[in-house]
Amino acid sequence: MQSVNLLPFKNKKVALVLSGGVVKAAAWHLGVSLALEELGFVLKNNNSDPKADFEIGTYVGSSAGALVSLFFACGIKPIDVIQASVDPRNARIRPITYKDMLYLGHPRKRPPRPLIFDPFEDFPFIIRKVLSPFLNISGIFSTKGLYKYIIDNVLVASDYCDYKADLFVVATQLDHSRKVIFSKYNYPSPLHDSTAHYYTGIPVADSVCASMSVPPFYVPYPIVNNHTSQVDYYIDGEIRETLSTHVSVDNGCEFIISSWTHTPYHYQDEIGSLVNYGLPAICVQSIYLLIQKKIVESRARRATAKDILDTVYDFMHGNQFSKSDTNKLLSILERKLNYNPKVRLIDIYPTNENFKLFFTNSFSLNSEKMSYIVKMGYKRTLEVFKEFEC
């Protein structure tokens, strides 16, 4: 492996932001994190060296990324999880199985609902009879199986405050337009989204399982609200916003490494059109297009903010405004534009040429497929950091 100059990261606050995407995303994140370790980064946990020069001490995870973030905060290294998937007999931890992922027991019975919502009421009788069972289910499986796995095999503490790493888990409140960030910090809502809130005092395992409850595969996850004593239901953490990099900014991080797998398919002659691959491929493409648009818009807003600030600086400098007036105006604009010039973003995602990853089953626990994804994440990380160095 070629060496990469990490001096810009020395003694800086570095965050790792991990997206959702089920097993495919988890395997990609493991490959990314393995490469980061081999480059020289230390993934902070309760037992890591507190004097490490190149430390990743903030984890922001949504859905599958929340579970991977928890692994690292608990001191389980990427190679430990990879080993569990490839060679479970010699692994440090037990691998996740389909029994854990596809748990049928629902965590809590739902109260009766008023009969005010029937999307099939005007359909022909036969179609109503066929579709009516869908009104009585809120998901196929439950993340309660993953909860049991976390409790038995991963967790070192239930309280966020007991982790030396800064762990943030993102979920979406089902019955509200609210994104919730579970952590040990009670930060104010970010400037760009007043409906995003930081929640403290929620058990770690519950918050991670809430973040992983992606509809319609998993039922919404119930958590008792500490303030109201009522039960709030949560779904996948990326429904509202993909890659919550603002959390890392709120936490004072200067370098933010983001990892995701949602690269849409671009036409390849040997593959042809997705119309020939049925509804699953079309649905995946549709989801990826939506997610990519969110990420592109987020990065475009940041680039626009930088361009505005650079233009204002050039104008004031060229017209001989005082340094203090220039800095004062730039400071105001930075706050208004929600832009921190000290923050550097490093995005690690599959390229369009890596189209085989698009067709990989997101739920597959096949060790060969997972190994392939890990290798792709590892390789892509090294490429990105070589480009970053340039």
# chains A, B, ... in the order shown; residues from 1 in each chain; ligands from 1
$ residues_around --residues "A:Ile239" --least-positions-apart "6" --cutoff "9 Å" --atoms "only C-alpha atoms" --output "ChimeraX atom specification"
/A:171-172,179,214
$ residues_around --residues "A:Phe71" --least-positions-apart "6" --cutoff "9 Å" --atoms "only C-alpha atoms" --output "VMD selection string"
chain A and resid 77 to 78 81 154 to 155
$ write_last_selection --atoms "all heavy atoms" --output "short mmCIF file (atom, residue, chain, number, x, y, z; two decimals), in the first residue's frame"
data_model
loop_
_atom_site.label_atom_id
_atom_site.label_comp_id
_atom_site.auth_asym_id
_atom_site.auth_seq_id
_atom_site.Cartn_x
_atom_site.Cartn_y
_atom_site.Cartn_z
N LYS A 77 -13.06 -3.74 16.01
CA LYS A 77 -12.37 -3.20 14.84
C LYS A 77 -12.99 -3.71 13.54
O LYS A 77 -13.66 -4.76 13.53
CB LYS A 77 -10.89 -3.58 14.89
CG LYS A 77 -10.13 -2.94 16.04
CD LYS A 77 -8.66 -3.32 16.01
CE LYS A 77 -7.88 -2.58 17.07
NZ LYS A 77 -7.86 -1.12 16.82
N PRO A 78 -12.77 -2.99 12.43
CA PRO A 78 -13.30 -3.44 11.15
C PRO A 78 -12.91 -4.87 10.80
O PRO A 78 -13.75 -5.65 10.35
CB PRO A 78 -12.69 -2.44 10.15
CG PRO A 78 -12.43 -1.22 10.95
CD PRO A 78 -12.07 -1.69 12.32
N VAL A 81 -15.13 -7.52 12.49
CA VAL A 81 -16.44 -7.73 11.87
C VAL A 81 -16.29 -8.47 10.54
O VAL A 81 -17.08 -9.35 10.21
CB VAL A 81 -17.17 -6.39 11.66
CG1 VAL A 81 -18.61 -6.64 11.20
CG2 VAL A 81 -17.16 -5.56 12.94
N VAL A 154 -22.29 -6.86 21.29
CA VAL A 154 -21.63 -5.63 20.92
C VAL A 154 -21.51 -4.64 22.07
O VAL A 154 -20.42 -4.13 22.36
CB VAL A 154 -22.37 -4.94 19.74
CG1 VAL A 154 -21.65 -3.66 19.32
CG2 VAL A 154 -22.52 -5.89 18.56
N LEU A 155 -22.59 -4.37 22.73
CA LEU A 155 -22.70 -3.24 23.66
C LEU A 155 -21.74 -3.35 24.84
O LEU A 155 -21.60 -4.41 25.45
CB LEU A 155 -24.13 -3.16 24.18
CG LEU A 155 -24.64 -1.78 24.59
CD1 LEU A 155 -24.75 -0.87 23.37
CD2 LEU A 155 -25.99 -1.90 25.28
#
$ closest_residue --among "A:Ser362, A:Gln320, A:Thr228, A:Thr242" --to "A:Ala281" --atoms "only C-alpha atoms"
A:Ser362
$ select_by_dssp --residues "stretch 154-308 of chain A" --states "helix (DSSP H, G or I)" --output "PyMOL selection string"
chain A and resi 160-162+204-211+245-250+274-308
$ select_by_dssp --residues "stretch 143-191 of chain A" --states "strand (DSSP E or B)" --output "list of chain:residue names"
A:Asp166, A:Leu167, A:Phe168, A:Val169, A:Val170, A:Ala171, A:Thr172, A:Gln173, A:Arg178, A:Lys179, A:Val180, A:Ile181, A:Phe182
$ write_last_selection --atoms "N, CA and C atoms" --output "CSV table (one decimal), in the first residue's frame"
chain,number,residue,atom,x,y,z
A,166,ASP,N,-17.4,10.2,20.6
A,166,ASP,CA,-18.6,10.9,20.4
A,166,ASP,C,-19.5,10.2,19.4
A,167,LEU,N,-20.5,9.5,19.9
A,167,LEU,CA,-21.3,8.7,19.0
A,167,LEU,C,-22.7,9.4,18.8
A,168,PHE,N,-23.1,9.5,17.5
A,168,PHE,CA,-24.4,10.1,17.2
A,168,PHE,C,-25.1,9.1,16.3
A,169,VAL,N,-26.4,8.9,16.6
A,169,VAL,CA,-27.2,8.0,15.9
A,169,VAL,C,-28.4,8.8,15.4
A,170,VAL,N,-28.7,8.7,14.1
A,170,VAL,CA,-29.8,9.5,13.5
A,170,VAL,C,-31.0,8.6,13.2
A,171,ALA,N,-32.2,9.1,13.6
A,171,ALA,CA,-33.4,8.4,13.3
A,171,ALA,C,-34.5,9.4,12.9
A,172,THR,N,-35.6,8.9,12.4
A,172,THR,CA,-36.7,9.8,11.9
A,172,THR,C,-37.9,9.5,12.7
A,173,GLN,N,-38.5,10.5,13.3
A,173,GLN,CA,-39.8,10.2,14.1
A,173,GLN,C,-40.9,10.0,13.1
A,178,ARG,N,-39.8,15.3,12.2
A,178,ARG,CA,-38.7,15.6,13.0
A,178,ARG,C,-37.6,14.5,12.8
A,179,LYS,N,-36.4,15.0,12.6
A,179,LYS,CA,-35.2,14.2,12.6
A,179,LYS,C,-34.6,14.2,14.0
A,180,VAL,N,-34.3,13.1,14.5
A,180,VAL,CA,-33.7,13.0,15.9
A,180,VAL,C,-32.3,12.5,15.9
A,181,ILE,N,-31.4,13.2,16.5
A,181,ILE,CA,-30.0,12.7,16.7
A,181,ILE,C,-29.8,12.3,18.1
A,182,PHE,N,-29.7,11.0,18.4
A,182,PHE,CA,-29.4,10.5,19.7
A,182,PHE,C,-27.9,10.6,20.0
$ closest_residue --among "A:Ser258, A:Ser138, A:Ser19, A:Gln292" --to "A:Tyr221" --atoms "only C-alpha atoms"
A:Ser138
$ atom_distance --atom1 "atom CA of A:Glu353" --atom2 "atom CA of A:Lys369"
17.7 Å
$ closest_residue --among "A:Leu30, A:Ala196, A:Ile346, A:Ala64" --to "A:Ser211" --atoms "only C-alpha atoms"
A:Ala64
$ residues_around --residues "A:Leu34" --least-positions-apart "3" --cutoff "12 Å" --atoms "only C-alpha atoms" --output "PyMOL selection string"
chain A and resi 27-31+37-43+72+76-83+374-382
$ closest_residue --among "A:Ile308, A:Ala300, A:Ile332, A:Ile348" --to "A:Ser33" --atoms "only C-alpha atoms"
A:Ile348
$ closest_residue --among "A:Leu279, A:Leu174, A:Ile271, A:Ala303" --to "A:Ile235" --atoms "only C-alpha atoms"
A:Leu174
$ atom_distance --atom1 "atom CA of A:Tyr199" --atom2 "atom CA of A:Ser259"
23.9 Å
$ residues_around --residues "A:Tyr160" --least-positions-apart "2" --cutoff "7 Å" --atoms "only C-alpha atoms" --output "list in words"
Ser158, Asp162, Tyr163, Ser183, Lys184 and Val204 of chain A
$ write_last_selection --atoms "C-alpha atoms" --output "JSON list (two decimals), in the first residue's frame"
[["chain", "number", "residue", "atom", "x", "y", "z"],
["A", 158, "SER", "CA", -26.20, 1.58, 27.53],
["A", 162, "ASP", "CA", -20.05, 6.05, 28.99],
["A", 163, "TYR", "CA", -18.37, 6.11, 25.57],
["A", 183, "SER", "CA", -26.22, 11.33, 21.58],
["A", 184, "LYS", "CA", -24.77, 12.53, 24.88],
["A", 204, "VAL", "CA", -27.82, 3.21, 22.85]]
$ decode --residues "stretch 266-302 of chain A" --atoms "N, CA and C atoms" --output "PDB file, in the first residue's frame"
ATOM      1  N   HIS A 266     -25.362   3.868 -14.265  1.00  0.00           N
ATOM      2  CA  HIS A 266     -25.221   4.564 -15.533  1.00  0.00           C
ATOM      3  C   HIS A 266     -25.080   3.519 -16.633  1.00  0.00           C
ATOM      4  N   TYR A 267     -25.772   3.735 -17.707  1.00  0.00           N
ATOM      5  CA  TYR A 267     -25.889   2.724 -18.763  1.00  0.00           C
ATOM      6  C   TYR A 267     -24.541   2.145 -19.171  1.00  0.00           C
ATOM      7  N   GLN A 268     -24.493   0.810 -19.240  1.00  0.00           N
ATOM      8  CA  GLN A 268     -23.318   0.078 -19.700  1.00  0.00           C
ATOM      9  C   GLN A 268     -23.748  -0.865 -20.827  1.00  0.00           C
ATOM     10  N   ASP A 269     -22.984  -0.910 -21.904  1.00  0.00           N
ATOM     11  CA  ASP A 269     -23.363  -1.726 -23.064  1.00  0.00           C
ATOM     12  C   ASP A 269     -23.553  -3.190 -22.702  1.00  0.00           C
ATOM     13  N   GLU A 270     -22.667  -3.718 -21.836  1.00  0.00           N
ATOM     14  CA  GLU A 270     -22.762  -5.147 -21.519  1.00  0.00           C
ATOM     15  C   GLU A 270     -23.906  -5.478 -20.574  1.00  0.00           C
ATOM     16  N   ILE A 271     -24.487  -4.448 -19.951  1.00  0.00           N
ATOM     17  CA  ILE A 271     -25.582  -4.659 -19.009  1.00  0.00           C
ATOM     18  C   ILE A 271     -26.923  -4.283 -19.638  1.00  0.00           C
ATOM     19  N   GLY A 272     -26.957  -3.185 -20.379  1.00  0.00           N
ATOM     20  CA  GLY A 272     -28.197  -2.731 -20.991  1.00  0.00           C
ATOM     21  C   GLY A 272     -29.043  -1.908 -20.038  1.00  0.00           C
ATOM     22  N   SER A 273     -30.317  -1.770 -20.364  1.00  0.00           N
ATOM     23  CA  SER A 273     -31.225  -0.944 -19.581  1.00  0.00           C
ATOM     24  C   SER A 273     -31.767  -1.691 -18.368  1.00  0.00           C
ATOM     25  N   LEU A 274     -32.003  -0.959 -17.292  1.00  0.00           N
ATOM     26  CA  LEU A 274     -32.572  -1.561 -16.079  1.00  0.00           C
ATOM     27  C   LEU A 274     -34.006  -2.020 -16.293  1.00  0.00           C
ATOM     28  N   VAL A 275     -34.651  -1.542 -17.359  1.00  0.00           N
ATOM     29  CA  VAL A 275     -36.022  -1.967 -17.624  1.00  0.00           C
ATOM     30  C   VAL A 275     -36.088  -3.481 -17.848  1.00  0.00           C
ATOM     31  N   ASN A 276     -34.956  -4.069 -18.231  1.00  0.00           N
ATOM     32  CA  ASN A 276     -34.902  -5.512 -18.483  1.00  0.00           C
ATOM     33  C   ASN A 276     -34.664  -6.330 -17.215  1.00  0.00           C
ATOM     34  N   TYR A 277     -34.467  -5.659 -16.079  1.00  0.00           N
ATOM     35  CA  TYR A 277     -34.131  -6.360 -14.838  1.00  0.00           C
ATOM     36  C   TYR A 277     -35.250  -6.331 -13.814  1.00  0.00           C
ATOM     37  N   GLY A 278     -36.412  -5.850 -14.219  1.00  0.00           N
ATOM     38  CA  GLY A 278     -37.574  -5.941 -13.358  1.00  0.00           C
ATOM     39  C   GLY A 278     -37.705  -4.840 -12.326  1.00  0.00           C
ATOM     40  N   LEU A 279     -38.777  -4.955 -11.545  1.00  0.00           N
ATOM     41  CA  LEU A 279     -39.131  -3.934 -10.573  1.00  0.00           C
ATOM     42  C   LEU A 279     -38.073  -3.713  -9.489  1.00  0.00           C
ATOM     43  N   PRO A 280     -37.422  -4.769  -8.953  1.00  0.00           N
ATOM     44  CA  PRO A 280     -36.420  -4.519  -7.912  1.00  0.00           C
ATOM     45  C   PRO A 280     -35.308  -3.572  -8.354  1.00  0.00           C
ATOM     46  N   ALA A 281     -34.767  -3.783  -9.549  1.00  0.00           N
ATOM     47  CA  ALA A 281     -33.690  -2.923 -10.045  1.00  0.00           C
ATOM     48  C   ALA A 281     -34.181  -1.501 -10.275  1.00  0.00           C
ATOM     49  N   ILE A 282     -35.396  -1.357 -10.780  1.00  0.00           N
ATOM     50  CA  ILE A 282     -35.948  -0.032 -11.025  1.00  0.00           C
ATOM     51  C   ILE A 282     -36.179   0.697  -9.707  1.00  0.00           C
ATOM     52  N   CYS A 283     -36.665  -0.028  -8.686  1.00  0.00           N
ATOM     53  CA  CYS A 283     -36.895   0.591  -7.372  1.00  0.00           C
ATOM     54  C   CYS A 283     -35.581   1.036  -6.732  1.00  0.00           C
ATOM     55  N   VAL A 284     -34.562   0.191  -6.831  1.00  0.00           N
ATOM     56  CA  VAL A 284     -33.259   0.547  -6.272  1.00  0.00           C
ATOM     57  C   VAL A 284     -32.710   1.787  -6.967  1.00  0.00           C
ATOM     58  N   GLN A 285     -32.819   1.828  -8.293  1.00  0.00           N
ATOM     59  CA  GLN A 285     -32.351   2.992  -9.034  1.00  0.00           C
ATOM     60  C   GLN A 285     -33.106   4.248  -8.612  1.00  0.00           C
ATOM     61  N   SER A 286     -34.418   4.124  -8.437  1.00  0.00           N
ATOM     62  CA  SER A 286     -35.226   5.281  -8.032  1.00  0.00           C
ATOM     63  C   SER A 286     -34.783   5.804  -6.671  1.00  0.00           C
ATOM     64  N   ILE A 287     -34.541   4.894  -5.730  1.00  0.00           N
ATOM     65  CA  ILE A 287     -34.099   5.290  -4.389  1.00  0.00           C
ATOM     66  C   ILE A 287     -32.726   5.946  -4.458  1.00  0.00           C
ATOM     67  N   TYR A 288     -31.833   5.344  -5.215  1.00  0.00           N
ATOM     68  CA  TYR A 288     -30.474   5.890  -5.326  1.00  0.00           C
ATOM     69  C   TYR A 288     -30.482   7.277  -5.966  1.00  0.00           C
ATOM     70  N   LEU A 289     -31.351   7.472  -6.960  1.00  0.00           N
ATOM     71  CA  LEU A 289     -31.439   8.787  -7.598  1.00  0.00           C
ATOM     72  C   LEU A 289     -31.918   9.847  -6.608  1.00  0.00           C
ATOM     73  N   LEU A 290     -32.878   9.493  -5.785  1.00  0.00           N
ATOM     74  CA  LEU A 290     -33.375  10.427  -4.776  1.00  0.00           C
ATOM     75  C   LEU A 290     -32.293  10.763  -3.755  1.00  0.00           C
ATOM     76  N   ILE A 291     -31.588   9.729  -3.303  1.00  0.00           N
ATOM     77  CA  ILE A 291     -30.548   9.940  -2.294  1.00  0.00           C
ATOM     78  C   ILE A 291     -29.396  10.746  -2.864  1.00  0.00           C
ATOM     79  N   GLN A 292     -28.971  10.388  -4.077  1.00  0.00           N
ATOM     80  CA  GLN A 292     -27.868  11.123  -4.693  1.00  0.00           C
ATOM     81  C   GLN A 292     -28.218  12.600  -4.861  1.00  0.00           C
ATOM     82  N   LYS A 293     -29.468  12.886  -5.218  1.00  0.00           N
ATOM     83  CA  LYS A 293     -29.888  14.275  -5.392  1.00  0.00           C
ATOM     84  C   LYS A 293     -29.730  15.052  -4.084  1.00  0.00           C
ATOM     85  N   LYS A 294     -30.091  14.437  -2.954  1.00  0.00           N
ATOM     86  CA  LYS A 294     -29.938  15.095  -1.656  1.00  0.00           C
ATOM     87  C   LYS A 294     -28.472  15.430  -1.391  1.00  0.00           C
ATOM     88  N   ILE A 295     -27.595  14.460  -1.671  1.00  0.00           N
ATOM     89  CA  ILE A 295     -26.169  14.669  -1.399  1.00  0.00           C
ATOM     90  C   ILE A 295     -25.603  15.744  -2.319  1.00  0.00           C
ATOM     91  N   VAL A 296     -25.954  15.672  -3.606  1.00  0.00           N
ATOM     92  CA  VAL A 296     -25.453  16.642  -4.574  1.00  0.00           C
ATOM     93  C   VAL A 296     -25.921  18.053  -4.200  1.00  0.00           C
ATOM     94  N   GLU A 297     -27.179  18.179  -3.799  1.00  0.00           N
ATOM     95  CA  GLU A 297     -27.696  19.498  -3.411  1.00  0.00           C
ATOM     96  C   GLU A 297     -26.966  20.032  -2.183  1.00  0.00           C
ATOM     97  N   SER A 298     -26.699  19.152  -1.227  1.00  0.00           N
ATOM     98  CA  SER A 298     -25.988  19.565  -0.022  1.00  0.00           C
ATOM     99  C   SER A 298     -24.594  20.069  -0.353  1.00  0.00           C
ATOM    100  N   ARG A 299     -23.896  19.329  -1.194  1.00  0.00           N
ATOM    101  CA  ARG A 299     -22.536  19.735  -1.573  1.00  0.00           C
ATOM    102  C   ARG A 299     -22.563  20.994  -2.442  1.00  0.00           C
ATOM    103  N   ALA A 300     -23.604  21.134  -3.280  1.00  0.00           N
ATOM    104  CA  ALA A 300     -23.716  22.324  -4.129  1.00  0.00           C
ATOM    105  C   ALA A 300     -23.957  23.574  -3.289  1.00  0.00           C
ATOM    106  N   ARG A 301     -24.773  23.444  -2.236  1.00  0.00           N
ATOM    107  CA  ARG A 301     -25.012  24.593  -1.353  1.00  0.00           C
ATOM    108  C   ARG A 301     -23.713  25.042  -0.692  1.00  0.00           C
ATOM    109  N   ARG A 302     -22.904  24.080  -0.301  1.00  0.00           N
ATOM    110  CA  ARG A 302     -21.625  24.418   0.325  1.00  0.00           C
ATOM    111  C   ARG A 302     -20.703  25.106  -0.682  1.00  0.00           C
TER     112      ARG A 302
END
